[in-house]
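J.: Just passing along the structure, written as structure tokens.
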Amino acid sequence: MRDVAIVAFAQSPHRRRTDELSEVDLLMPVLHEVLGATGLKANEIGFTCSGSADYLAGRAFSFTMALDGVGAHPPISESHVETDGAWALYEAWVKILTGEADTALVYSYGKSSPGEVRDVLTRQLDPYYLAPLWPDSVSLAALQAQALIDAGHTDEAALTAVAARSRTDATANPYAQLTGDVPAGDHLVHPLRTGDCPPIGDGAAAVVLAAGDTARSLCDRPAWIRGIDHRIEAHSLGVRDLTDSPSARLAAQHAGAFERPLDTAELHAPFTSQEVVLRRALGLGDDVRINPSGGALAANPIMAAGLIRLGEAAARIHRGASDRALAHATSGPCLQQNLVAVLEGESAHG
Amino acid sequence: MAEEPVAVVGIGQTKHVAARHDVSIAGLVREAAVRALEDAALTWSDIDAVVIGKAPDFFEGVMMPELYLADALGAVGKPMLRVHTAGSVGGSTALVAANLVAARVHRTVLTLAFEKQSESNAMWGLSLPVPFQQPLLAGAGGFFAPHVRAYMRRTGAPDTVGSLVAYKDRRNALKNPYAHLHDTGITLEKVQASPMLWDPIRYSETCPSSDGACAMVLTDRAGAGRAPYPPAWVHGGAMRSEPTLFAGKDFVSPQAGRDCAADVYRQARITDPRREIDAVEMYVPFSWYEPMWLENLGFAGEGEGWKLTEAGVTELDGDLPVNPSGGVLSTNPIGASGMIRFAEAALQVRGRAGEHQIDGAARAVGHAYGGGAQFFAMWLVGSQPPPG
């Protein structure tokens, strides 16, 4: 199997509203930055893949305008996933493994500000039995949080501590939207307080992947993808154990996460309670640095937040702060679908 | 770089109709998937991963429906990937699934594409207003009609060519039990007398709105060896994209389409597509796109595509049959339409296309396009494994 690495990562400053920017405006600086870091031009990239969702933009084929921003002429080999950009990265990784491409540009973006994101996400649910009831994303996460508390896996104080740690860490992240001493707040949906929930915001991210020696020529310390896998669970919350994440565990196992110790984990846990679920499912102990970027509690641009976890973990390897990191992305209600990648620096294991 | 050869060992479609009121979206996709598994003589447990595609989520009003469809497609505990590349998505989805096998990430993959257009109105789903941007002019027909007109002006094609294509495809559809439109009383005169919708596109030269799904089982060399029926082998596959609008874009023959075809022929070692390819399943949602794509895909010289159509070359009994299944003009569940093209090409080289089988078809092309003629996906399949 070919060695493939993340060699560059860029993201936008994540903000509550970007009324003055189109999706293309949001994305362009990020694309320029990530390509600039490698010196590659759009038409020198072997494969391009993006992640986004029409429902955030409120119109069909919203990704076509973003493609215009890439500068896809002469024509490029390109694809798109209607989900978080982490899955676009997975598709690009597969493409490089086939040998048909040596480099890939992956980007994703989401503007949540034009709509009511809690309402919009209800449209993800089973359209016949669940969506007509309009259960919003915070209420579903609260159901999961209550199940965790009932099972004795956490309590409200522990959840508040997760939020405090994340937002303290985020003060060192210039792109984060919500940082510092954020009060726990009142209950939004019991047992979740406002502080347990992610900020709503707009943002974009991009990475460049490269194979073998190409990666070494583009980056001093490439973040090698030692394994990447994703798994999905049943949709209905009634048939799932909400205190566990078997799909995250399975993905981690197939990605090789349990083979050697990790020093860092970037978890896509928009709610404090979901970090508790993932830590247990992935067997992450106190020796693993969780979400040094601040995680999704500091910035959660929907459809980009998972790709940002991969990018943040890779960037930490690029600058020598990590040797072996786990990066995680999620999709769907209550962690229904999960992707896990294991990233390593060159010197990590000889 | 040694790739694993990819084989199509199972194909399933639903009977495409205007409205499947009898099944949910989950029921619809499961029907096609079960048929593909039966064709491959496999069960759900033989499937390592599921790759699903469909066109805009607004068509059914479900955001990221793969989440809700995980159970229906036996994907629980497995990887499930969702692709969306506008109208080309069915083709792109098949290619993403094929890459999983080619890269040896998975051995056997179920890929499926669907659209249940009766859940909403596709034309208006494509026409949501966007401030400060060019509207799509009420559906796809309004967008594409000027480009058809440009083709006619550029090539001097007589205005009868479009109706010939529609008449051919609708007759071919009569031989395909899964096709949506089965107009037994079709005549050329009826096509030509149908109302003008977007000049020069007449009502009978447009695709219907269908409910339907198409599924394929893709596997490696070992899997192909266990298949009960002859597989179709993937000899080449490619995707190309270009921007919707830019100065110098050739809407009549987009460069992305030409590049995509050239890449597929290079992989499949085809030097003379007109002679070396036995059947073409081409994405023709409006009849005039047959002559246009004949040129774009290298089957005819510039300005010559309409002459092949007019001479009957693309008829079922011509020497380059195009859309023996009846094509998109007869069946259009948008998200599935591209995959149906890919699957019908595979049926031809497997010798399993039934009444619309082209005798001895050994190499066939499946083709799809989408967006503002900006996304292209194409594969070439053969009855024999690729060399090497």
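Naming works like this for the structure tokens: A, B, ... for the chains as they're shown, residue 1 at the start of each chain, ligands 1 onward in shown order.
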Which residues of chain B are close to chain A, meaning at most 6 Å apart when you count only C-alpha atoms, and how do they look as a ChimeraX atom specification?
T.: /B:1,56,62-64,68,71,76-79,82-85,103,126,128,239-243,256
J.: Could you name the residues that touch B:Pro228 at 12 Å or less, counting only C-alpha atoms, but leaving out those on the same chain fewer than 3 positions away, as a ChimeraX atom specification?
T.: /B:8-10,37-42,223-225,231,350
J.: Can you pull out every residue within 10 Å of B:Phe59, counting only C-alpha atoms, but drop anything in the same chain fewer than 2 positions away, and send it as a PyMOL selection string?
T.: (chain A and resi 60) or (chain B and resi 54-57+61-63+115-126+334-335)
J.: Going by DSSP on the backbone, which residues of stretch 170-227 of chain A come out as strand (DSSP E or B)? List them as a list in words.
T.: His187, Leu188, Val189, Leu192, Arg193, Asp202, Gly203, Ala204, Ala205, Ala206, Val207, Val208, Leu209, Ala210, Ala211, Ala223, Trp224, Ile225, Arg226 and Gly227 of chain A
J.: Which neighbours of B:Tyr178 fall inside 8 Å, counting only C-alpha atoms, when residues of the same chain fewer than 5 positions from it are skipped, and could you give them as an MDAnalysis selection string?
T.: chainID B and resid 13:16
J.: Name the residues in contact with B:Gly303 at a cut-off of 8 Å, using only C-alpha atoms, excluding same-chain residues fewer than 6 positions from it; report them as number ranges by chain.
T.: B: 154-156, 295
J.: Using the selection just defined, write its residues with C-alpha atoms as an mmCIF file, in the first residue's frame.
T.:
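The resulting selection-v5.cif:
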data_model
loop_
_atom_site.group_PDB
_atom_site.id
_atom_site.type_symbol
_atom_site.label_atom_id
_atom_site.label_comp_id
_atom_site.auth_asym_id
_atom_site.auth_seq_id
_atom_site.Cartn_x
_atom_site.Cartn_y
_atom_site.Cartn_z
ATOM 1 C CA ARG B 154 -22.229 25.687 -35.641
ATOM 2 C CA THR B 155 -22.688 22.410 -37.516
ATOM 3 C CA GLY B 156 -25.542 23.187 -39.869
ATOM 4 C CA GLU B 295 -18.438 14.521 -31.107
#
J.: For A:Ala255, which of A:Ala147, A:Leu282, A:Ala8, A:Val106 is the closest residue, counting only C-alpha atoms?
T.: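 Smallest distance to A:Ala255 is found for A:Leu282.
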J.: Could you check how far atom CA of B:Ala179 sits from atom CA of B:Phe342, in Å to one decimal?
T.: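 Separation of atom CA of B:Ala179 and atom CA of B:Phe342: 15.0 Å.
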J.: Can you tell me which residues surround B:Gly312 at a distance of at most 12 Å, considering only C-alpha atoms, apart from same-chain residues fewer than 3 positions away, and format the answer as a ChimeraX atom specification?
T.: /B:161,164-165,167-168,291,305-309,315-322
J.: Would you mind exporting N, CA, C and O atoms of the selected residues as a short mmCIF file (atom, residue, chain, number, x, y, z; two decimals), in the first residue's frame?
T.:
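So the final result, stored in result-v5.cif, reads:
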data_model
loop_
_atom_site.label_atom_id
_atom_site.label_comp_id
_atom_site.auth_asym_id
_atom_site.auth_seq_id
_atom_site.Cartn_x
_atom_site.Cartn_y
_atom_site.Cartn_z
N VAL B 161 -32.95 16.32 -36.55
CA VAL B 161 -32.09 15.32 -35.91
C VAL B 161 -32.54 14.98 -34.49
O VAL B 161 -32.56 13.81 -34.08
N LEU B 164 -35.26 12.42 -34.35
CA LEU B 164 -34.79 11.07 -34.69
C LEU B 164 -34.26 10.35 -33.46
O LEU B 164 -34.51 9.16 -33.24
N VAL B 165 -33.52 11.10 -32.65
CA VAL B 165 -32.94 10.51 -31.43
C VAL B 165 -34.06 10.08 -30.48
O VAL B 165 -34.08 8.97 -29.95
N TYR B 167 -37.18 9.45 -31.10
CA TYR B 167 -37.95 8.33 -31.68
C TYR B 167 -37.20 7.01 -31.49
O TYR B 167 -37.76 6.00 -31.07
N LYS B 168 -35.89 7.03 -31.73
CA LYS B 168 -35.06 5.83 -31.54
C LYS B 168 -35.06 5.38 -30.07
O LYS B 168 -35.32 4.21 -29.76
N PRO B 291 -26.07 13.74 -30.78
CA PRO B 291 -25.04 14.18 -31.74
C PRO B 291 -23.95 15.02 -31.09
O PRO B 291 -22.77 14.92 -31.46
N GLY B 305 -21.31 14.74 -35.82
CA GLY B 305 -22.11 13.86 -34.96
C GLY B 305 -23.51 13.63 -35.50
O GLY B 305 -24.01 12.49 -35.54
N TRP B 306 -24.16 14.70 -35.93
CA TRP B 306 -25.56 14.59 -36.39
C TRP B 306 -25.67 13.69 -37.62
O TRP B 306 -26.70 13.07 -37.85
N LYS B 307 -24.58 13.60 -38.39
CA LYS B 307 -24.62 12.77 -39.60
C LYS B 307 -24.69 11.28 -39.23
O LYS B 307 -25.34 10.50 -39.93
N LEU B 308 -24.02 10.91 -38.14
CA LEU B 308 -24.12 9.52 -37.68
C LEU B 308 -25.55 9.21 -37.25
O LEU B 308 -26.10 8.16 -37.58
N THR B 309 -26.13 10.11 -36.50
CA THR B 309 -27.50 9.91 -36.04
C THR B 309 -28.44 9.81 -37.24
O THR B 309 -29.26 8.89 -37.34
N GLU B 315 -28.65 3.60 -34.24
CA GLU B 315 -29.83 2.75 -34.01
C GLU B 315 -29.40 1.42 -33.38
O GLU B 315 -28.24 1.03 -33.44
N LEU B 316 -30.37 0.70 -32.84
CA LEU B 316 -30.10 -0.60 -32.21
C LEU B 316 -29.35 -1.54 -33.17
O LEU B 316 -28.50 -2.31 -32.76
N ASP B 317 -29.69 -1.46 -34.48
CA ASP B 317 -29.02 -2.32 -35.45
C ASP B 317 -27.95 -1.58 -36.24
O ASP B 317 -27.48 -2.06 -37.26
N GLY B 318 -27.58 -0.38 -35.79
CA GLY B 318 -26.51 0.36 -36.45
C GLY B 318 -25.14 -0.15 -36.01
O GLY B 318 -25.05 -1.04 -35.16
N ASP B 319 -24.08 0.43 -36.58
CA ASP B 319 -22.78 -0.11 -36.18
C ASP B 319 -22.21 0.54 -34.93
O ASP B 319 -21.17 0.13 -34.42
N LEU B 320 -22.88 1.57 -34.40
CA LEU B 320 -22.51 2.11 -33.08
C LEU B 320 -23.80 2.40 -32.30
O LEU B 320 -24.23 3.55 -32.22
N PRO B 321 -24.43 1.37 -31.76
CA PRO B 321 -25.70 1.60 -31.07
C PRO B 321 -25.52 2.51 -29.85
O PRO B 321 -24.62 2.28 -29.03
N VAL B 322 -26.34 3.55 -29.77
CA VAL B 322 -26.30 4.47 -28.64
C VAL B 322 -27.62 4.36 -27.87
O VAL B 322 -28.69 4.49 -28.46
#
J.: What does the structure give for the distance between atom CA of B:Ile52 and atom CA of B:Gly87, in Å to one decimal?
T.: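 Separation between atom CA of B:Ile52 and atom CA of B:Gly87: 13.9 Å.
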J.: DSSP on the backbone: what in stretch 126-276 of chain B comes out helix (DSSP H, G or I), as a PyMOL selection string?
T.: chain B and resi 139-155+161-173+188-193+203-205+221-226+255-268+273-276
J.: Any idea what the distance is between atom CA of A:Ser166 and atom CA of A:Ala329?
T.: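 Computing it gives 16.7 Å between the two atoms.
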